[in-house]
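Worksheet: one structure, shown below.
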Amino acid sequence: MKFNKTYLFLLAGTLVLNGCKKEKLDPNSVFVDSKIEKNALDNYIYNNLVLDYNIDVLYKYVDKESDQNYNLVPANYDSSIRMTKLLKYLGFEPYDDVTGGKSFIKGYFPKLINYIGEAAYRNNGTRILGTAEGARKITLYEVNRLNATSGVNANFLTDSYFHTIHHEFQHILNQTTDFPSSFRTISGTSYVDDLWVSAWANDGAAIAAGFISPYASSSDKEDFAELYSFYVTLSAAQWDARLNATGSTAAGRTIINNKLILVKNYMLTVWNIDMDVLRANIQARIANLPNFNQTSL
């Protein structure tokens, strides 16, 4: 025991002596910013979205910008290229043409677009195609489904991405300038909140009740955004086919058309955008999809 105590004392003494020894400090900081090389997509995003619209795209997974309540998959590089080029072609440029410049999108569209590779699912079984966080960010899901075949499929692009983009953008416009209260009174107490998932047997049943989609019946805000997004992304023939879906009624179509009048008037008087002109522009671009290069940067 005496030996052990002596040993520990000597060891402690050695540590003290060594701790007092002067050493020359390295003048170079250990905290050095690593240089990240930009690839072709990074440069395209900067030159075509950041500079033109003050909008950035996150295609490399960033956990703090993603919803941690779901198991999410990053977007792959090739699909991200297609999504970014299509976003500009079908999402931004139609507004540029109708408004006469880039200032409308630059001024009102969210400043960050986040890509997620696959869908996120809620507890009620519905899948999330996109979300908007105030006027700051839109997240698009299922980007990895975008490929050479699906990239020229207009119905796929509308259903999976662009209906969502226009829907969420409409919410942001409403947050800037609210739509008229008279819109809310048309369906009044008919909104069903979260029960929209089970309230309607099909689209036709929702239309018979005066809603362009089952989800439109969840609230007046969703109703307004759904009407806008369906109208500008569907051709006249597709719009009519939706209104006349199996189970729909003339009374329901009248309610929807009365609401549509208010949506069109709001966009024209508040934002100086004629929805028919915007739809014609989008449809012309959709018709040109086979000729649009989605892969070159």
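In the structure tokens, the first chain shown is A, the next is B, and so on; residue numbers restart at 1 for each chain, and ligands run from 1 in the order shown.
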
Near region 247-260 of chain A, within 10 Å and counting only C-alpha atoms, which residues show up once chain neighbours fewer than 4 positions away are dropped, as a compact mmCIF listing (two decimals) with N, CA, C and O atoms, in the first residue's frame?
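Final file, out.txt:
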# COMPACT_ATOMS: atom_id res chain seq x y z
N SER A 182 -66.92 36.68 -49.26
CA SER A 182 -68.09 36.14 -49.94
C SER A 182 -67.85 34.73 -50.45
O SER A 182 -68.80 33.94 -50.59
N PHE A 183 -66.58 34.38 -50.69
CA PHE A 183 -66.27 33.01 -51.12
C PHE A 183 -66.63 32.02 -50.03
O PHE A 183 -67.16 30.94 -50.29
N ARG A 184 -66.35 32.38 -48.78
CA ARG A 184 -66.57 31.48 -47.65
C ARG A 184 -68.06 31.18 -47.44
O ARG A 184 -68.41 30.13 -46.91
N THR A 185 -68.90 32.10 -47.84
CA THR A 185 -70.33 31.93 -47.56
C THR A 185 -71.03 30.99 -48.54
O THR A 185 -72.12 30.51 -48.25
N ILE A 186 -70.38 30.70 -49.67
CA ILE A 186 -71.04 29.87 -50.69
C ILE A 186 -71.27 28.45 -50.17
O ILE A 186 -72.38 27.91 -50.28
N SER A 187 -70.24 27.84 -49.60
CA SER A 187 -70.41 26.50 -49.03
C SER A 187 -70.69 26.54 -47.54
O SER A 187 -71.11 25.54 -46.95
N ALA A 201 -67.45 9.31 -51.51
CA ALA A 201 -67.15 8.02 -52.13
C ALA A 201 -66.17 8.17 -53.28
O ALA A 201 -65.36 7.27 -53.56
N ASN A 202 -66.23 9.31 -53.96
CA ASN A 202 -65.35 9.56 -55.10
C ASN A 202 -65.38 11.05 -55.43
O ASN A 202 -66.06 11.84 -54.76
N ASP A 203 -64.62 11.43 -56.48
CA ASP A 203 -64.58 12.84 -56.86
C ASP A 203 -65.97 13.35 -57.25
O ASP A 203 -66.32 14.50 -56.93
N GLY A 204 -66.75 12.52 -57.93
CA GLY A 204 -68.08 12.93 -58.36
C GLY A 204 -68.98 13.29 -57.20
O GLY A 204 -69.77 14.25 -57.28
N ALA A 205 -68.87 12.56 -56.11
CA ALA A 205 -69.68 12.85 -54.92
C ALA A 205 -69.30 14.19 -54.32
O ALA A 205 -70.16 14.96 -53.86
N ALA A 206 -68.00 14.50 -54.31
CA ALA A 206 -67.56 15.79 -53.79
C ALA A 206 -68.05 16.92 -54.69
O ALA A 206 -68.49 17.97 -54.21
N ILE A 207 -67.98 16.69 -56.00
CA ILE A 207 -68.45 17.71 -56.94
C ILE A 207 -69.94 17.94 -56.79
O ILE A 207 -70.42 19.08 -56.86
N ALA A 208 -70.70 16.88 -56.54
CA ALA A 208 -72.14 17.02 -56.31
C ALA A 208 -72.42 17.91 -55.10
O ALA A 208 -73.47 18.57 -55.04
N ALA A 209 -71.49 17.94 -54.16
CA ALA A 209 -71.65 18.78 -52.97
C ALA A 209 -71.08 20.18 -53.17
O ALA A 209 -71.15 21.02 -52.25
N GLY A 210 -70.49 20.42 -54.35
CA GLY A 210 -69.97 21.76 -54.64
C GLY A 210 -68.50 21.93 -54.41
O GLY A 210 -68.01 23.07 -54.30
N PHE A 211 -67.73 20.82 -54.38
CA PHE A 211 -66.30 20.88 -54.17
C PHE A 211 -65.56 20.24 -55.34
O PHE A 211 -65.91 19.14 -55.76
N ILE A 212 -64.54 20.91 -55.84
CA ILE A 212 -63.83 20.42 -57.02
C ILE A 212 -63.04 19.15 -56.73
O ILE A 212 -62.69 18.39 -57.63
N ASP A 223 -60.31 24.93 -50.37
CA ASP A 223 -61.28 25.00 -51.46
C ASP A 223 -60.81 26.01 -52.51
O ASP A 223 -60.80 25.74 -53.72
N PHE A 224 -60.42 27.19 -52.06
CA PHE A 224 -59.97 28.25 -52.95
C PHE A 224 -58.72 27.82 -53.72
O PHE A 224 -58.63 27.98 -54.94
N LEU A 227 -59.48 24.96 -56.32
CA LEU A 227 -60.13 25.48 -57.51
C LEU A 227 -59.13 26.15 -58.44
O LEU A 227 -59.12 25.91 -59.65
N TYR A 228 -58.30 26.98 -57.86
CA TYR A 228 -57.29 27.69 -58.66
C TYR A 228 -56.34 26.70 -59.35
O TYR A 228 -56.12 26.78 -60.56
N TYR A 231 -57.91 24.50 -62.08
CA TYR A 231 -58.30 25.24 -63.28
C TYR A 231 -57.09 25.59 -64.16
O TYR A 231 -57.14 25.44 -65.38
N ASP A 240 -63.80 20.15 -67.86
CA ASP A 240 -65.19 19.74 -68.06
C ASP A 240 -65.41 18.28 -67.68
O ASP A 240 -66.44 17.93 -67.09
N ARG A 242 -63.80 16.64 -65.45
CA ARG A 242 -63.80 16.54 -63.98
C ARG A 242 -65.14 16.99 -63.42
O ARG A 242 -65.68 16.34 -62.50
N LEU A 243 -65.66 18.09 -63.92
CA LEU A 243 -66.95 18.58 -63.43
C LEU A 243 -68.09 17.60 -63.69
O LEU A 243 -69.08 17.60 -62.96
N LYS A 264 -61.35 33.74 -60.08
CA LYS A 264 -60.84 34.45 -61.26
C LYS A 264 -60.81 35.96 -61.02
O LYS A 264 -59.84 36.65 -61.39
N ASN A 265 -61.85 36.47 -60.40
CA ASN A 265 -61.92 37.91 -60.13
C ASN A 265 -60.82 38.34 -59.15
O ASN A 265 -60.21 39.41 -59.30
N TYR A 266 -60.58 37.52 -58.15
CA TYR A 266 -59.50 37.79 -57.19
C TYR A 266 -58.16 37.87 -57.89
O TYR A 266 -57.38 38.81 -57.67

Picked from region 38-261 of chain A by DSSP as helix (DSSP H, G or I), as a tab-separated table (two decimals) with C-alpha atoms, in the first residue's frame:
chain	number	residue	atom	x	y	z
A	40	ALA	CA	-23.41	21.46	-63.04
A	41	LEU	CA	-26.77	21.46	-61.23
A	42	ASP	CA	-25.46	23.76	-58.49
A	43	ASN	CA	-24.34	26.22	-61.16
A	44	TYR	CA	-27.66	25.95	-63.03
A	45	ILE	CA	-29.65	26.65	-59.86
A	46	TYR	CA	-27.49	29.67	-59.05
A	47	ASN	CA	-27.55	31.15	-62.54
A	48	ASN	CA	-31.20	30.45	-63.39
A	49	LEU	CA	-33.07	30.50	-60.07
A	50	VAL	CA	-31.00	32.35	-57.48
A	51	LEU	CA	-29.94	35.20	-59.74
A	52	ASP	CA	-33.20	35.45	-61.71
A	53	TYR	CA	-35.76	34.82	-58.96
A	63	ASP	CA	-32.29	17.25	-42.12
A	64	LYS	CA	-33.14	20.58	-40.49
A	65	GLU	CA	-35.12	21.60	-43.59
A	77	TYR	CA	-29.28	13.77	-58.88
A	78	ASP	CA	-30.80	12.96	-62.29
A	79	SER	CA	-34.38	13.40	-61.08
A	80	SER	CA	-33.38	16.66	-59.40
A	81	ILE	CA	-32.08	17.99	-62.71
A	82	ARG	CA	-35.41	17.21	-64.41
A	83	MET	CA	-37.42	18.67	-61.54
A	84	THR	CA	-35.43	21.90	-61.52
A	85	LYS	CA	-35.71	22.46	-65.26
A	86	LEU	CA	-39.42	21.60	-65.27
A	87	LEU	CA	-40.01	23.84	-62.27
A	88	LYS	CA	-38.70	26.80	-64.22
A	89	TYR	CA	-40.44	25.79	-67.47
A	90	LEU	CA	-43.90	24.92	-66.12
A	91	GLY	CA	-43.89	26.65	-62.75
A	92	PHE	CA	-42.18	30.03	-63.14
A	93	GLU	CA	-42.06	31.00	-66.80
A	94	PRO	CA	-45.85	30.94	-67.35
A	95	TYR	CA	-46.18	33.64	-64.69
A	96	ASP	CA	-43.28	35.54	-66.27
A	97	ASP	CA	-45.09	35.56	-69.60
A	98	VAL	CA	-48.45	36.60	-68.15
A	99	THR	CA	-47.11	39.32	-65.84
A	103	SER	CA	-40.67	40.27	-60.59
A	104	PHE	CA	-43.95	38.52	-59.68
A	105	ILE	CA	-42.33	35.15	-58.94
A	106	LYS	CA	-39.30	36.87	-57.44
A	107	GLY	CA	-41.50	38.90	-55.14
A	108	TYR	CA	-44.00	36.31	-53.95
A	143	VAL	CA	-39.01	13.59	-56.90
A	144	ASN	CA	-37.38	10.21	-57.59
A	145	ARG	CA	-40.41	9.15	-59.63
A	150	SER	CA	-42.78	10.25	-66.55
A	151	GLY	CA	-41.12	13.55	-67.48
A	152	VAL	CA	-43.21	13.83	-70.66
A	154	ALA	CA	-48.50	15.63	-68.58
A	155	ASN	CA	-51.00	13.94	-66.26
A	156	PHE	CA	-48.21	12.57	-64.08
A	157	LEU	CA	-46.45	15.94	-63.86
A	158	THR	CA	-49.67	17.73	-62.96
A	159	ASP	CA	-50.88	15.17	-60.42
A	160	SER	CA	-47.49	14.65	-58.75
A	161	TYR	CA	-45.96	18.13	-58.74
A	162	PHE	CA	-47.54	21.07	-60.50
A	163	HIS	CA	-51.03	20.89	-59.06
A	164	THR	CA	-49.31	21.01	-55.67
A	165	ILE	CA	-46.99	23.87	-56.68
A	166	HIS	CA	-49.84	26.09	-57.90
A	167	HIS	CA	-51.99	25.10	-54.92
A	168	GLU	CA	-49.33	26.03	-52.38
A	169	PHE	CA	-48.45	29.22	-54.24
A	170	GLN	CA	-52.10	30.27	-54.06
A	171	HIS	CA	-51.98	29.88	-50.27
A	172	ILE	CA	-49.04	32.27	-50.18
A	173	LEU	CA	-50.85	34.82	-52.34
A	174	ASN	CA	-53.84	34.55	-49.96
A	175	GLN	CA	-51.58	35.18	-46.99
A	176	THR	CA	-50.40	38.36	-48.68
A	181	SER	CA	-65.22	36.73	-47.50
A	182	SER	CA	-68.09	36.14	-49.94
A	183	PHE	CA	-66.27	33.01	-51.12
A	184	ARG	CA	-66.57	31.48	-47.65
A	185	THR	CA	-70.33	31.93	-47.56
A	186	ILE	CA	-71.04	29.87	-50.69
A	187	SER	CA	-70.41	26.50	-49.03
A	188	GLY	CA	-70.85	27.88	-45.53
A	189	THR	CA	-71.09	25.06	-43.00
A	190	SER	CA	-70.55	22.29	-45.58
A	193	ASP	CA	-62.32	19.47	-41.91
A	194	ASP	CA	-60.27	16.24	-41.62
A	195	LEU	CA	-63.27	14.07	-42.46
A	196	TRP	CA	-62.73	14.87	-46.16
A	197	VAL	CA	-60.75	11.61	-46.35
A	198	SER	CA	-63.89	9.51	-45.80
A	199	ALA	CA	-66.73	11.95	-46.49
A	203	ASP	CA	-64.58	12.84	-56.86
A	204	GLY	CA	-68.08	12.93	-58.36
A	205	ALA	CA	-69.68	12.85	-54.92
A	206	ALA	CA	-67.56	15.79	-53.79
A	207	ILE	CA	-68.45	17.71	-56.94
A	208	ALA	CA	-72.14	17.02	-56.31
A	215	TYR	CA	-59.71	17.76	-50.22
A	216	ALA	CA	-61.38	21.05	-51.20
A	217	SER	CA	-64.10	20.27	-48.68
A	218	SER	CA	-61.66	20.42	-45.76
A	220	ASP	CA	-62.50	27.40	-47.43
A	221	LYS	CA	-58.76	28.06	-47.83
A	222	GLU	CA	-58.15	24.62	-49.33
A	223	ASP	CA	-61.28	25.00	-51.46
A	224	PHE	CA	-59.97	28.25	-52.95
A	225	ALA	CA	-56.49	26.85	-53.62
A	226	GLU	CA	-57.83	23.62	-55.12
A	227	LEU	CA	-60.13	25.48	-57.51
A	228	TYR	CA	-57.29	27.69	-58.66
A	229	SER	CA	-54.80	24.88	-59.12
A	230	PHE	CA	-57.14	22.51	-60.93
A	231	TYR	CA	-58.30	25.24	-63.28
A	232	VAL	CA	-54.87	26.51	-64.38
A	233	THR	CA	-53.31	23.05	-64.75
A	236	ALA	CA	-60.71	22.98	-70.90
A	237	ALA	CA	-61.64	19.41	-71.86
A	238	GLN	CA	-60.07	17.98	-68.69
A	239	TRP	CA	-61.82	20.58	-66.54
A	240	ASP	CA	-65.19	19.74	-68.06
A	241	ALA	CA	-64.55	16.03	-67.66
A	242	ARG	CA	-63.80	16.54	-63.98
A	243	LEU	CA	-66.95	18.58	-63.43
A	250	ALA	CA	-75.77	20.10	-62.10
A	251	ALA	CA	-76.39	21.73	-58.72
A	252	GLY	CA	-72.85	20.90	-57.59
A	253	ARG	CA	-71.40	22.24	-60.83
A	254	THR	CA	-73.27	25.50	-60.34
A	255	ILE	CA	-71.78	25.92	-56.87
A	256	ILE	CA	-68.27	25.27	-58.20
A	257	ASN	CA	-68.69	27.68	-61.10
A	258	ASN	CA	-69.96	30.39	-58.74
A	259	LYS	CA	-66.85	29.93	-56.62
A	260	LEU	CA	-64.64	29.94	-59.72
A	261	ILE	CA	-65.96	33.36	-60.71

Selected residue of minimal separation from Asn281 (chain A) among A:Val192, A:Ile113, A:Leu234, A:Val73, counting only C-alpha atoms: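 The closest residue to Asn281 (chain A) is A:Leu234.
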
d(CA of Glu142 (chain A), CA of Tyr115 (chain A)) in Å: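 We find that CA of Glu142 (chain A) and CA of Tyr115 (chain A) lie 8.2 Å from each other.
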